[in-house]
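Enquirer: Provided herewith: work-v5.tsv, TSV, C-alpha atoms and all ligand atoms.
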```tsv
chain	number	residue	atom	x	y	z
A	897	MET	CA	105.22	109.72	178.88
A	898	GLY	CA	108.74	111.17	178.83
A	899	ARG	CA	109.02	110.44	175.13
A	900	MET	CA	105.81	112.33	174.33
A	901	LEU	CA	106.70	115.18	176.67
A	902	ILE	CA	109.99	115.65	174.83
A	903	GLN	CA	108.16	115.48	171.50
A	904	ALA	CA	105.93	118.36	172.60
A	905	GLY	CA	108.85	120.34	174.02
A	906	MET	CA	110.92	120.34	170.86
A	907	ASP	CA	108.68	122.93	169.21
A	908	LEU	CA	109.19	125.21	172.20
A	909	ASN	CA	113.01	124.90	172.07
A	910	ILE	CA	113.21	123.17	175.43
A	911	ASN	CA	116.42	121.27	176.16
A	912	PHE	CA	115.72	118.14	178.15
A	913	SER	CA	117.92	115.88	180.24
A	914	ILE	CA	116.55	112.52	181.31
A	915	LEU	CA	116.96	110.38	184.41
A	916	ASP	CA	115.53	106.87	184.19
A	917	PRO	CA	116.46	103.51	185.76
A	918	ASP	CA	116.10	101.68	182.44
A	919	ALA	CA	119.04	102.12	180.04
A	920	GLN	CA	116.63	101.34	177.20
A	921	ALA	CA	113.89	103.76	178.35
A	922	PRO	CA	111.68	104.90	175.43
A	923	CYS	CA	113.27	108.37	175.53
A	924	HIS	CA	116.90	107.32	176.03
A	925	GLN	CA	117.97	108.37	172.54
A	926	LEU	CA	116.05	111.64	172.45
A	927	ALA	CA	118.07	113.76	174.89
A	928	PRO	CA	121.13	113.52	177.18
A	929	PHE	CA	120.41	110.46	179.28
A	930	THR	CA	121.43	109.40	182.78
A	931	GLN	CA	120.68	105.91	183.96
A	932	GLY	CA	119.87	105.92	187.66
A	933	LYS	CA	117.35	105.10	190.33
A	934	LEU	CA	114.60	107.69	190.78
A	935	THR	CA	114.17	106.58	194.37
A	936	ASP	CA	117.81	107.19	195.32
A	937	TYR	CA	118.46	110.48	197.13
A	938	GLN	CA	121.96	111.17	195.81
A	939	THR	CA	121.13	110.16	192.23
A	940	VAL	CA	118.15	112.53	192.02
A	941	LEU	CA	120.02	115.35	193.75
A	942	ASP	CA	123.08	115.08	191.50
A	943	PHE	CA	120.94	114.91	188.39
A	944	GLY	CA	118.77	117.87	189.38
A	945	LYS	CA	121.69	120.14	190.23
A	946	ASP	CA	122.44	120.55	186.53
A	947	CYS	CA	118.85	121.43	185.58
A	948	ASP	CA	116.95	124.75	185.71
A	949	LEU	CA	113.57	123.11	186.21
A	950	ILE	CA	112.78	119.57	187.29
A	951	THR	CA	109.58	117.69	186.51
A	952	ILE	CA	108.40	114.08	186.70
A	953	GLU	CA	106.32	111.61	184.73
A	954	ILE	CA	106.07	109.01	187.48
A	955	GLU	CA	105.31	109.69	191.17
A	956	ASN	CA	107.75	107.21	192.65
A	957	VAL	CA	110.66	109.65	192.98
A	958	ASN	CA	112.84	110.50	195.97
A	959	VAL	CA	110.98	113.44	197.48
A	960	ALA	CA	113.71	114.38	199.98
A	961	ALA	CA	116.09	115.02	197.07
A	962	LEU	CA	113.46	117.12	195.28
A	963	LYS	CA	112.94	119.17	198.45
A	964	GLU	CA	116.70	119.73	198.69
A	965	LEU	CA	116.73	120.90	195.07
A	966	VAL	CA	114.03	123.46	195.90
A	967	ARG	CA	116.13	124.59	198.86
A	968	LEU	CA	119.06	125.04	196.47
A	969	GLY	CA	116.91	127.39	194.37
A	970	LYS	CA	115.72	124.98	191.67
A	971	LYS	CA	112.17	124.98	190.42
A	972	VAL	CA	110.49	121.62	190.94
A	973	TYR	CA	107.00	121.17	189.45
A	974	PRO	CA	104.80	119.51	190.57
A	975	GLN	CA	105.99	120.60	194.02
A	976	PRO	CA	107.69	117.87	196.10
A	977	GLU	CA	105.05	118.25	198.85
A	978	VAL	CA	102.31	117.44	196.33
A	979	ILE	CA	104.18	114.40	195.02
A	980	GLU	CA	104.72	113.24	198.60
A	981	LEU	CA	101.04	113.57	199.46
A	982	ILE	CA	100.01	111.66	196.33
A	983	GLN	CA	102.62	108.89	196.75
A	984	ASP	CA	100.59	107.50	199.62
A	985	LYS	CA	96.94	106.65	198.97
A	986	ARG	CA	96.30	107.14	202.71
A	987	THR	CA	97.42	110.78	202.82
A	988	GLN	CA	95.67	111.33	199.50
A	989	LYS	CA	92.34	110.14	200.87
A	990	GLN	CA	92.79	112.16	204.06
A	991	PHE	CA	93.42	115.23	201.92
A	992	TYR	CA	90.09	114.75	200.13
A	993	GLN	CA	88.33	114.25	203.43
A	994	THR	CA	89.71	117.36	205.12
A	995	ASN	CA	89.15	119.49	202.02
A	996	ASN	CA	85.55	118.44	201.36
A	997	ILE	CA	86.35	116.79	198.07
A	998	PRO	CA	83.81	114.01	197.43
A	999	THR	CA	85.42	110.55	197.68
A	1000	ALA	CA	84.37	107.03	198.73
A	1001	GLU	CA	84.20	106.37	202.46
A	1002	PHE	CA	87.37	104.70	203.81
A	1003	ILE	CA	89.20	103.37	206.86
A	1004	LEU	CA	92.99	103.45	207.23
A	1005	THR	CA	94.62	100.10	208.05
A	1006	ASN	CA	98.13	99.14	209.16
A	1007	ASN	CA	98.28	95.43	208.39
A	1008	LYS	CA	96.31	92.33	207.48
A	1009	GLU	CA	94.90	91.83	210.95
A	1010	ASP	CA	93.64	95.39	210.90
A	1011	VAL	CA	91.81	94.90	207.60
A	1012	GLN	CA	90.23	91.71	208.95
A	1013	LYS	CA	88.56	93.69	211.74
A	1014	HIS	CA	86.37	95.44	209.19
A	1015	ALA	CA	84.15	92.63	207.93
A	1016	ALA	CA	81.14	94.90	208.48
A	1017	PHE	CA	82.60	97.38	205.97
A	1018	LEU	CA	82.50	94.87	203.06
A	1019	PRO	CA	82.17	94.85	200.09
A	1020	ALA	CA	85.26	97.01	199.95
A	1021	VAL	CA	88.42	97.71	198.00
A	1022	ASN	CA	91.68	97.09	199.84
A	1023	LYS	CA	94.50	99.35	198.68
A	1024	LEU	CA	98.16	99.54	199.56
A	1025	GLY	CA	99.22	102.99	200.72
A	1026	LYS	CA	102.43	103.04	198.74
A	1027	GLU	CA	103.88	101.58	195.58
A	1028	GLY	CA	100.68	100.22	194.11
A	1029	TYR	CA	100.77	100.88	190.38
A	1030	ASP	CA	98.62	99.83	187.41
A	1031	GLY	CA	96.17	98.14	189.73
A	1032	ARG	CA	98.77	95.95	191.46
A	1033	GLY	CA	98.14	97.35	194.94
A	1034	VAL	CA	94.36	97.15	194.65
A	1035	GLN	CA	92.02	94.24	195.34
A	1036	ILE	CA	88.33	93.80	195.91
A	1037	LEU	CA	87.19	92.18	199.15
A	1038	ARG	CA	83.61	91.08	198.57
A	1039	ASN	CA	82.99	88.76	201.48
A	1040	GLN	CA	84.40	87.36	204.70
A	1041	SER	CA	86.48	84.69	202.93
A	1042	ASP	CA	88.24	87.36	200.81
A	1043	LEU	CA	89.62	88.83	204.04
A	1044	GLU	CA	92.20	86.02	203.89
A	1045	LYS	CA	94.06	87.84	201.11
A	1046	ALA	CA	94.08	91.29	202.77
A	1047	PHE	CA	97.29	93.27	202.23
A	1048	ASP	CA	99.72	92.98	205.13
A	1049	ALA	CA	101.10	96.52	204.89
A	1050	PRO	CA	99.84	100.06	205.61
A	1051	GLY	CA	96.89	100.85	203.40
A	1052	LEU	CA	93.17	101.34	203.53
A	1053	VAL	CA	89.80	99.80	202.89
A	1054	GLU	CA	87.40	101.80	200.83
A	1055	LYS	CA	83.71	101.23	200.07
A	1056	LEU	CA	83.23	99.40	196.79
A	1057	VAL	CA	81.67	102.02	194.52
A	1058	ASP	CA	78.86	100.83	192.27
A	1059	PHE	CA	79.88	103.08	189.43
A	1060	GLU	CA	78.25	103.72	186.10
A	1061	LYS	CA	81.39	105.19	184.60
A	1062	GLU	CA	84.99	105.91	185.34
A	1063	ILE	CA	86.12	109.24	184.01
A	1064	SER	CA	89.15	111.45	184.16
A	1065	VAL	CA	89.48	115.19	183.95
A	1066	ILE	CA	92.97	116.50	183.29
A	1067	VAL	CA	93.53	119.96	184.69
A	1068	ALA	CA	96.51	122.28	184.45
A	1069	ARG	CA	97.53	125.10	186.74
A	1070	SER	CA	100.36	127.41	185.80
A	1071	GLU	CA	102.83	129.02	188.15
A	1072	ASN	CA	100.75	132.22	188.23
A	1073	GLY	CA	97.54	130.36	189.08
A	1074	GLU	CA	95.75	130.11	185.72
A	1075	VAL	CA	93.60	126.94	185.66
A	1076	VAL	CA	92.36	125.15	182.52
A	1077	THR	CA	90.64	121.74	182.27
A	1078	PHE	CA	90.40	119.25	179.41
A	1079	PRO	CA	87.03	117.73	178.49
A	1080	ALA	CA	86.44	114.56	180.53
A	1081	ALA	CA	87.56	111.22	179.12
A	1082	GLU	CA	85.79	107.94	179.83
A	1083	MET	CA	87.72	104.78	180.68
A	1084	VAL	CA	86.92	101.16	180.10
A	1085	PHE	CA	89.10	98.71	181.99
A	1086	HIS	CA	90.59	95.38	180.94
A	1087	PRO	CA	88.99	92.80	183.27
A	1088	GLU	CA	92.21	90.83	183.98
A	1089	ALA	CA	95.08	93.26	183.61
A	1090	ASN	CA	93.27	96.09	185.43
A	1091	LEU	CA	94.65	98.55	182.88
A	1092	VAL	CA	92.66	100.97	180.78
A	1093	GLU	CA	91.66	99.05	177.69
A	1094	TYR	CA	89.71	101.67	175.79
A	1095	LEU	CA	89.12	105.29	176.39
A	1096	PHE	CA	86.59	107.63	174.81
A	1097	ALA	CA	86.75	111.40	174.77
A	1098	PRO	CA	84.91	113.61	175.31
A	1099	ALA	CA	83.06	111.35	177.75
A	1100	GLN	CA	79.35	110.96	177.08
A	1101	LEU	CA	77.88	112.52	180.21
A	1102	THR	CA	74.93	114.67	181.16
A	1103	PRO	CA	75.66	118.43	181.30
A	1104	ASN	CA	75.33	118.36	185.10
A	1105	ILE	CA	77.96	115.64	185.49
A	1106	VAL	CA	80.26	117.44	183.06
A	1107	LYS	CA	79.97	120.58	185.17
A	1108	GLU	CA	80.44	118.77	188.46
A	1109	ALA	CA	83.50	116.80	187.28
A	1110	ASP	CA	85.07	119.97	185.92
A	1111	ARG	CA	84.39	121.83	189.16
A	1112	ILE	CA	85.92	119.04	191.25
A	1113	ALA	CA	89.08	118.83	189.10
A	1114	ARG	CA	89.65	122.60	189.47
A	1115	ASP	CA	88.95	122.40	193.16
A	1116	VAL	CA	91.50	119.62	193.70
A	1117	ILE	CA	94.38	121.34	191.88
A	1118	GLN	CA	93.63	124.63	193.62
A	1119	LYS	CA	93.46	123.09	197.05
A	1120	LEU	CA	96.70	121.21	196.37
A	1121	ASN	CA	98.17	124.57	195.36
A	1122	MET	CA	99.90	122.65	192.61
A	1123	THR	CA	101.74	123.85	189.52
A	1124	GLY	CA	101.66	121.47	186.58
A	1125	LEU	CA	99.26	118.92	185.15
A	1126	LEU	CA	96.94	116.80	187.28
A	1127	ALA	CA	94.80	113.89	186.12
A	1128	VAL	CA	91.78	113.50	188.38
A	1129	GLU	CA	90.30	109.99	188.15
A	1130	MET	CA	86.65	109.95	189.20
A	1131	PHE	CA	83.69	107.60	189.50
A	1132	VAL	CA	80.24	108.59	188.29
A	1133	THR	CA	77.96	106.55	190.54
A	1134	LYS	CA	74.66	105.04	189.47
A	1135	ASP	CA	72.86	107.70	191.51
A	1136	GLN	CA	74.71	110.41	189.57
A	1137	LYS	CA	77.27	111.48	192.12
A	1138	VAL	CA	80.87	112.23	191.22
A	1139	LEU	CA	83.57	110.85	193.56
A	1140	VAL	CA	87.33	111.31	193.28
A	1141	ASN	CA	89.18	107.98	193.11
A	1142	GLU	CA	92.76	109.17	192.88
A	1143	VAL	CA	94.94	111.75	191.16
A	1144	ALA	CA	98.20	111.69	189.23
A	1145	PRO	CA	100.30	114.89	189.08
A	1146	ARG	CA	101.64	114.40	185.54
A	1147	PRO	CA	100.62	113.55	181.98
A	1148	HIS	CA	98.30	110.57	182.16
A	1149	ASN	CA	97.15	107.57	180.20
A	1150	SER	CA	93.69	109.17	179.94
A	1151	GLY	CA	95.15	112.10	177.99
A	1152	HIS	CA	97.09	110.38	175.20
A	1153	GLN	CA	94.35	111.17	172.67
A	1154	THR	CA	94.79	114.92	173.24
A	1155	ILE	CA	97.81	114.83	170.89
A	1156	GLU	CA	95.49	114.49	167.89
A	1157	ALA	CA	92.02	115.19	169.25
A	1158	ASN	CA	92.45	118.49	171.12
A	1159	ILE	CA	93.83	121.90	170.15
A	1160	THR	CA	96.54	121.61	172.81
A	1161	SER	CA	97.89	118.24	173.97
A	1162	GLN	CA	98.27	117.32	177.64
A	1163	TYR	CA	102.04	117.17	177.10
A	1164	GLU	CA	102.28	120.70	175.76
A	1165	GLN	CA	99.92	121.86	178.51
A	1166	HIS	CA	102.14	120.36	181.19
A	1167	LEU	CA	105.14	122.24	179.78
A	1168	ARG	CA	103.17	125.48	179.50
A	1169	ALA	CA	102.05	125.17	183.12
A	1170	ILE	CA	105.50	124.51	184.61
A	1171	LEU	CA	107.19	127.14	182.42
A	1172	ASN	CA	104.55	129.70	183.41
A	1173	LEU	CA	103.39	130.22	179.83
A	1174	PRO	CA	99.76	130.95	178.92
A	1175	LEU	CA	97.79	127.69	179.07
A	1176	GLY	CA	96.52	126.37	175.73
A	1177	ASP	CA	93.03	125.89	174.38
A	1178	THR	CA	91.91	122.37	175.34
A	1179	SER	CA	88.84	122.19	173.08
A	1180	SER	CA	88.16	118.85	171.49
A	1181	ILE	CA	88.55	118.88	167.70
A	1182	MET	CA	86.74	115.61	167.11
A	1183	PRO	CA	85.43	112.66	169.15
A	1184	SER	CA	88.28	110.25	169.82
A	1185	ALA	CA	89.09	106.85	171.20
A	1186	MET	CA	92.36	105.55	172.57
A	1187	VAL	CA	93.52	101.97	172.69
A	1188	ASN	CA	96.53	100.94	174.78
A	1189	LEU	CA	98.78	98.50	172.99
A	1190	LEU	CA	99.63	95.84	175.54
A	1191	GLY	CA	101.97	92.92	175.00
A	1192	GLU	CA	99.88	89.90	173.95
A	1193	GLU	CA	99.47	87.16	176.54
A	1194	GLY	CA	101.76	84.20	175.97
A	1195	TYR	CA	104.52	86.17	174.23
A	1196	SER	CA	107.78	87.39	175.77
A	1197	GLY	CA	110.86	88.54	173.91
A	1198	LEU	CA	111.74	90.75	170.95
A	1199	ALA	CA	108.59	92.62	169.98
A	1200	LYS	CA	106.95	92.03	166.59
A	1201	TYR	CA	104.05	94.11	165.35
A	1202	GLU	CA	101.20	92.30	163.63
A	1203	GLY	CA	98.46	94.07	161.64
A	1204	LEU	CA	100.18	97.46	161.38
A	1205	GLU	CA	99.54	97.99	157.67
A	1206	GLU	CA	95.90	97.06	158.02
A	1207	VAL	CA	95.20	99.64	160.73
A	1208	LEU	CA	97.27	102.36	159.03
A	1209	LYS	CA	94.91	102.11	156.04
A	1210	VAL	CA	92.04	103.33	158.22
A	1211	PRO	CA	91.55	107.12	158.18
A	1212	GLY	CA	91.90	108.82	161.55
A	1213	VAL	CA	94.10	106.10	163.06
A	1214	TYR	CA	97.30	107.34	164.70
A	1215	VAL	CA	99.79	104.76	165.93
A	1216	HIS	CA	102.25	105.56	168.72
A	1217	PHE	CA	104.85	102.89	169.48
A	1218	TYR	CA	107.03	103.54	172.52
A	1219	GLY	CA	110.24	102.03	171.13
A	1220	LYS	CA	110.41	99.22	173.68
A	1221	LYS	CA	112.44	96.35	172.24
A	1222	LEU	CA	111.11	93.62	174.54
A	1223	THR	CA	107.50	92.64	175.00
A	1224	LYS	CA	105.84	90.66	177.78
A	1225	PRO	CA	102.19	90.00	178.65
A	1226	PHE	CA	100.32	93.28	179.36
A	1227	ARG	CA	103.44	95.48	179.01
A	1228	LYS	CA	102.44	98.92	177.68
A	1229	MET	CA	104.10	98.96	174.26
A	1230	GLY	CA	102.27	101.91	172.73
A	1231	HIS	CA	98.85	103.35	172.09
A	1232	VAL	CA	96.62	104.23	169.17
A	1233	THR	CA	94.39	107.27	168.88
A	1234	ILE	CA	91.34	107.03	166.66
A	1235	THR	CA	89.25	110.02	165.59
A	1236	ASP	CA	85.91	110.18	163.83
A	1237	THR	CA	83.02	112.64	163.67
A	1238	ASN	CA	80.60	109.74	164.07
A	1239	ILE	CA	80.55	107.93	167.46
A	1240	GLU	CA	79.41	104.60	166.04
A	1241	SER	CA	82.11	104.40	163.40
A	1242	LEU	CA	84.62	105.64	166.00
A	1243	LYS	CA	83.79	102.66	168.21
A	1244	ALA	CA	83.91	100.29	165.24
A	1245	LYS	CA	87.37	101.56	164.32
A	1246	ALA	CA	88.55	101.23	167.94
A	1247	HIS	CA	87.42	97.60	167.99
A	1248	LEU	CA	89.11	96.96	164.66
A	1249	VAL	CA	92.39	98.39	165.97
A	1250	LYS	CA	92.09	96.40	169.18
A	1251	ASN	CA	91.48	93.14	167.32
A	1252	THR	CA	93.97	93.68	164.51
A	1253	LEU	CA	97.10	95.32	165.88
A	1254	LYS	CA	98.90	92.80	168.10
A	1255	ILE	CA	102.28	92.78	169.78
A	1256	ILE	CA	103.82	89.35	169.82
A	1257	ALA	CA	107.35	87.98	169.95
A	1301	LIG	N1	86.32	102.11	195.69
A	1301	LIG	C1	86.29	101.49	194.53
A	1301	LIG	N2	85.15	100.94	194.08
A	1301	LIG	C2	85.10	100.29	192.89
A	1301	LIG	N3	86.15	100.13	192.08
A	1301	LIG	C3	87.33	100.67	192.45
A	1301	LIG	C4	87.46	101.37	193.70
A	1301	LIG	N4	88.74	101.79	193.80
A	1301	LIG	C5	89.37	101.35	192.69
A	1301	LIG	N5	88.53	100.68	191.87
A	1301	LIG	C6	88.88	100.07	190.55
A	1301	LIG	O1	90.24	99.69	190.54
A	1301	LIG	C7	90.98	100.46	189.58
A	1301	LIG	C8	92.38	100.74	190.10
A	1301	LIG	O2	92.30	101.49	191.30
A	1301	LIG	P1	93.25	102.74	191.55
A	1301	LIG	O3	93.09	103.69	190.43
A	1301	LIG	O4	92.98	103.26	192.90
A	1301	LIG	O5	94.66	101.98	191.56
A	1301	LIG	P2	96.04	102.18	190.82
A	1301	LIG	O6	96.88	101.06	191.28
A	1301	LIG	O7	96.52	103.55	191.05
A	1301	LIG	O8	95.72	101.97	189.34
A	1301	LIG	P3	96.25	102.75	188.06
A	1301	LIG	O9	97.73	102.91	188.21
A	1301	LIG	O10	95.84	101.82	186.96
A	1301	LIG	O11	95.51	104.04	188.03
A	1301	LIG	C9	90.13	101.70	189.39
A	1301	LIG	O12	90.40	102.32	188.17
A	1301	LIG	C10	88.72	101.10	189.47
A	1301	LIG	O13	88.38	100.45	188.27
A	1302	MG	MG	94.00	104.66	189.06
```
Rewrite the structure of this file - the entire thing - as structure tokens.
Ligand SMILES: Nc1ncnc2c1ncn2[C@@H]1O[C@H](COP(=O)(O)OP(=O)(O)OP(=O)(O)O)[C@@H](O)[C@H]1O
Ligand SMILES: [Mg+2]

Expert:
Amino acid sequence: MGRMLIQAGMDLNINFSILDPDAQAPCHQLAPFTQGKLTDYQTVLDFGKDCDLITIEIENVNVAALKELVRLGKKVYPQPEVIELIQDKRTQKQFYQTNNIPTAEFILTNNKEDVQKHAAFLPAVNKLGKEGYDGRGVQILRNQSDLEKAFDAPGLVEKLVDFEKEISVIVARSENGEVVTFPAAEMVFHPEANLVEYLFAPAQLTPNIVKEADRIARDVIQKLNMTGLLAVEMFVTKDQKVLVNEVAPRPHNSGHQTIEANITSQYEQHLRAILNLPLGDTSSIMPSAMVNLLGEEGYSGLAKYEGLEEVLKVPGVYVHFYGKKLTKPFRKMGHVTITDTNIESLKAKAHLVKNTLKIIA
């Protein structure tokens, strides 16, 4: 994300400095780089003191340090209070509830024993409050025997939603309150890795659902009073309701394709929002698909790219590698955007990319 944010910022003459725990982070060679823990108070504070404006591309950052930076007169977008609220799925869900934002019914839980009291609430999804990421803090509890594996930490149980689709609407709000949404994208998940496998945009939805999802995304960012870019992940249920699953206050996996497929990319839009510039036109130029490039199962070590030439021959295929030297199973190594005016050939090309371009070691 940082790499693509910097890419978008170059054309606007923005000078970046980077803080990342990984010395080999995908953006480490693109701008002055500090290696350090994002969760460490002093590290974040010291880093931020030399910046005019601080932003994030991952939520797991020391919020106390960000608050101190605001107190010292720095601009921090998204606001530390918003990051704090979103860091915990429990406070996030409570926020939706108190603000009348449609979301699946839930019960807060403190530990395993607590979850096990709610057998009558099954089938449900058990989520960790904090530090779940890429599906790691999420598990389905279908029946009584699944209660055995309940998380033994503060979290929640949420009704299992029988959804028809999972969609995402990315919305931006600038410092002066201008709000602009992107067309919804539609996600298809990898059954084992619990990562987005394919994505299609604009999502194929009825006009009513399009309107409702757009309304909800605007409502969430306004009620959060947030400046920046917010990805609103939603379920479209089989009875045509739209429910918010969770939000991410930053550029998002569901917006990669906007680099090629929309007039303004999500990365540029994020920068426009936090720099209080006019927000860009988000219109879709062409239907698009996005395929995440995950490290192939069974391979760990120095990454090798198989099938690159074959996919580059296909018109409308845009490869983005993230510059990660080492691969391991399901590691996000890059993504590919595919565009086509015809939906059927778009899907065929997406499958071709998925089956041809492999990251092995
Ligand atoms: N209540 C629910 N009913 C049905 N499926 C759900 C529910 N909650 C989550 N899921 C499924 O689990 C996936 C991961 O859940 P969620 O987005 O809350 O977790 P996450 O750890 O933040 O994942 P990621 O980082 O990949 O977004 C969802 O995208 C969805 O497919
Ligand atoms: Mg999610």

Enquirer: Quick check, in Å to one decimal: how far apart do atom CA of A:Leu1024 and atom CA of A:Ala1080 lie?

Expert: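 Separation of atom CA of A:Leu1024 and atom CA of A:Ala1080: 26.9 Å.
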
Enquirer: Extract, using all atoms listed in the file, all DNA, RNA and protein residues at most 8 Å from A:Leu1125, discarding same-chain residues fewer than 5 positions from it, and format them as a compact mmCIF listing (two decimals) with C-alpha atoms, in the coordinates of the input.

Expert:
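Once everything was written out, this is result-v4.txt:
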```txt
# COMPACT_ATOMS: atom_id res chain seq x y z
CA PRO A 974 104.80 119.51 190.57
CA ILE A 1066 92.97 116.50 183.29
CA VAL A 1067 93.53 119.96 184.69
CA ALA A 1068 96.51 122.28 184.45
CA ARG A 1069 97.53 125.10 186.74
CA PRO A 1145 100.30 114.89 189.08
CA ARG A 1146 101.64 114.40 185.54
CA PRO A 1147 100.62 113.55 181.98
CA GLN A 1162 98.27 117.32 177.64
CA GLN A 1165 99.92 121.86 178.51
CA HIS A 1166 102.14 120.36 181.19
CA ALA A 1169 102.05 125.17 183.12
```

Enquirer: Check which residues fall inside 10 Å of ligand LIG 1301 (chain A) when counting only C-alpha atoms and all ligand atoms, and print them as a compact mmCIF listing (two decimals) with C-alpha atoms, keeping the file's coordinate frame.

Expert:
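Once written, out30.txt looks like this:
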```
# COMPACT_ATOMS: atom_id res chain seq x y z
CA GLN A 983 102.62 108.89 196.75
CA LYS A 985 96.94 106.65 198.97
CA THR A 999 85.42 110.55 197.68
CA ALA A 1000 84.37 107.03 198.73
CA GLU A 1001 84.20 106.37 202.46
CA PHE A 1002 87.37 104.70 203.81
CA PRO A 1019 82.17 94.85 200.09
CA ALA A 1020 85.26 97.01 199.95
CA VAL A 1021 88.42 97.71 198.00
CA ASN A 1022 91.68 97.09 199.84
CA LYS A 1023 94.50 99.35 198.68
CA LEU A 1024 98.16 99.54 199.56
CA GLY A 1025 99.22 102.99 200.72
CA LYS A 1026 102.43 103.04 198.74
CA GLU A 1027 103.88 101.58 195.58
CA GLY A 1028 100.68 100.22 194.11
CA TYR A 1029 100.77 100.88 190.38
CA ASP A 1030 98.62 99.83 187.41
CA GLY A 1031 96.17 98.14 189.73
CA ARG A 1032 98.77 95.95 191.46
CA GLY A 1033 98.14 97.35 194.94
CA VAL A 1034 94.36 97.15 194.65
CA GLN A 1035 92.02 94.24 195.34
CA ILE A 1036 88.33 93.80 195.91
CA VAL A 1053 89.80 99.80 202.89
CA GLU A 1054 87.40 101.80 200.83
CA LYS A 1055 83.71 101.23 200.07
CA LEU A 1056 83.23 99.40 196.79
CA VAL A 1057 81.67 102.02 194.52
CA ASP A 1058 78.86 100.83 192.27
CA PHE A 1059 79.88 103.08 189.43
CA LYS A 1061 81.39 105.19 184.60
CA GLU A 1062 84.99 105.91 185.34
CA ILE A 1063 86.12 109.24 184.01
CA MET A 1083 87.72 104.78 180.68
CA VAL A 1084 86.92 101.16 180.10
CA PHE A 1085 89.10 98.71 181.99
CA HIS A 1086 90.59 95.38 180.94
CA PRO A 1087 88.99 92.80 183.27
CA ALA A 1089 95.08 93.26 183.61
CA ASN A 1090 93.27 96.09 185.43
CA LEU A 1091 94.65 98.55 182.88
CA VAL A 1092 92.66 100.97 180.78
CA GLU A 1129 90.30 109.99 188.15
CA MET A 1130 86.65 109.95 189.20
CA PHE A 1131 83.69 107.60 189.50
CA THR A 1133 77.96 106.55 190.54
CA LEU A 1139 83.57 110.85 193.56
CA VAL A 1140 87.33 111.31 193.28
CA ASN A 1141 89.18 107.98 193.11
CA GLU A 1142 92.76 109.17 192.88
CA VAL A 1143 94.94 111.75 191.16
CA ALA A 1144 98.20 111.69 189.23
CA HIS A 1148 98.30 110.57 182.16
CA ASN A 1149 97.15 107.57 180.20
CA SER A 1150 93.69 109.17 179.94
```

Enquirer: Find, counting all atoms listed in the file, the residue in A:Gln1153, A:Thr1160, A:Ser1064, A:Asn1039 that gets nearest to ligand MG 1302 (chain A).

Expert: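 Of A:Gln1153, A:Thr1160, A:Ser1064, A:Asn1039, the one nearest ligand MG 1302 (chain A), counting all atoms listed in the file, is A:Ser1064.
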
Enquirer: Which residue out of A:Ala1127, A:Gly1219, A:Asp1177, A:Ile1170 has the minimum interatomic distance to ligand MG 1302 (chain A) when all atoms listed in the file are used?

Expert: A:Ala1127

Enquirer: Between atom CA of A:Gly1051 and atom CA of A:Lys1224, what is the spacing in Å?

Expert: 29.0 Å

Enquirer: Write out as a PyMOL selection string the residues lying within 10 Å of A:Val1116, counting only C-alpha atoms and excluding same-chain residues fewer than 2 positions away.

Expert: chain A and resi 991-992+995-997+1067+1111-1114+1118-1122+1126+1128+1140+1143

Enquirer: Using only C-alpha atoms, pick whichever of A:Lys945, A:Arg986, A:Lys1245, A:Lys970 has the shortest atom-to-atom distance to A:Leu1004.

Expert: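 Using only C-alpha atoms, A:Leu1004 sits closest to A:Arg986.
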
Enquirer: So, with all atoms listed in the file as the atoms that count, which of A:Lys1107, A:Lys963, A:His924, A:Lys1221 lies closest to A:Tyr937?

Expert: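 Closest candidate: A:Lys963.
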
Enquirer: Contacts of A:Pro1098 at 8 Å or less, counting all atoms listed in the file, minus same-chain residues fewer than 5 places along, as an mmCIF file with C-alpha atoms, keeping the file's coordinate frame?

Expert:
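Result file is selection.cif:
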```
data_model
loop_
_atom_site.group_PDB
_atom_site.id
_atom_site.type_symbol
_atom_site.label_atom_id
_atom_site.label_comp_id
_atom_site.auth_asym_id
_atom_site.auth_seq_id
_atom_site.Cartn_x
_atom_site.Cartn_y
_atom_site.Cartn_z
ATOM 1 C CA PRO A 1079 87.030 117.730 178.490
ATOM 2 C CA ALA A 1080 86.440 114.560 180.530
ATOM 3 C CA ALA A 1081 87.560 111.220 179.120
ATOM 4 C CA GLU A 1082 85.790 107.940 179.830
ATOM 5 C CA SER A 1180 88.160 118.850 171.490
ATOM 6 C CA PRO A 1183 85.430 112.660 169.150
ATOM 7 C CA SER A 1184 88.280 110.250 169.820
#
```

Enquirer: Measure the distance from atom CA of A:Leu1101 to atom CA of A:Val1075 in Å and round it to one decimal.

Expert: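 It comes out at 22.0 Å.
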
Enquirer: Here is a test: counting all atoms listed in the file, which residue of A:Ile952, A:Ala960, A:Ile982, A:Ala919 is nearest to ligand MG 1302 (chain A)?

Expert: A:Ile982

Enquirer: Applying 12 Å and all atoms listed in the file, which residues near A:Leu968 remain after dropping the ones on its own chain fewer than 3 positions away? List them as a PyMOL selection string.

Expert: chain A and resi 941-942+944-949+961-965+971-972

Enquirer: Compile the contact shell of A:Ala1046 as a PyMOL selection string: residues with an atom at most 7 Å away, counting only C-alpha atoms, same-chain residues fewer than 3 positions apart removed.

Expert: chain A and resi 1008+1011+1022+1043

Enquirer: Counting only C-alpha atoms, figure out which residue out of A:Thr935, A:Gln988, A:Thr1252, A:Ser1241 gets nearest to A:Gly1203.

Expert: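 Of the candidates, the smallest distance to A:Gly1203 is held by A:Thr1252.
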
Enquirer: List the residues sitting within 10 Å of (97.3, 95.9, 163.4) in the file's frame, using all atoms listed in the file, as number ranges by chain.

Expert: A: 1201-1209, 1215, 1248-1255
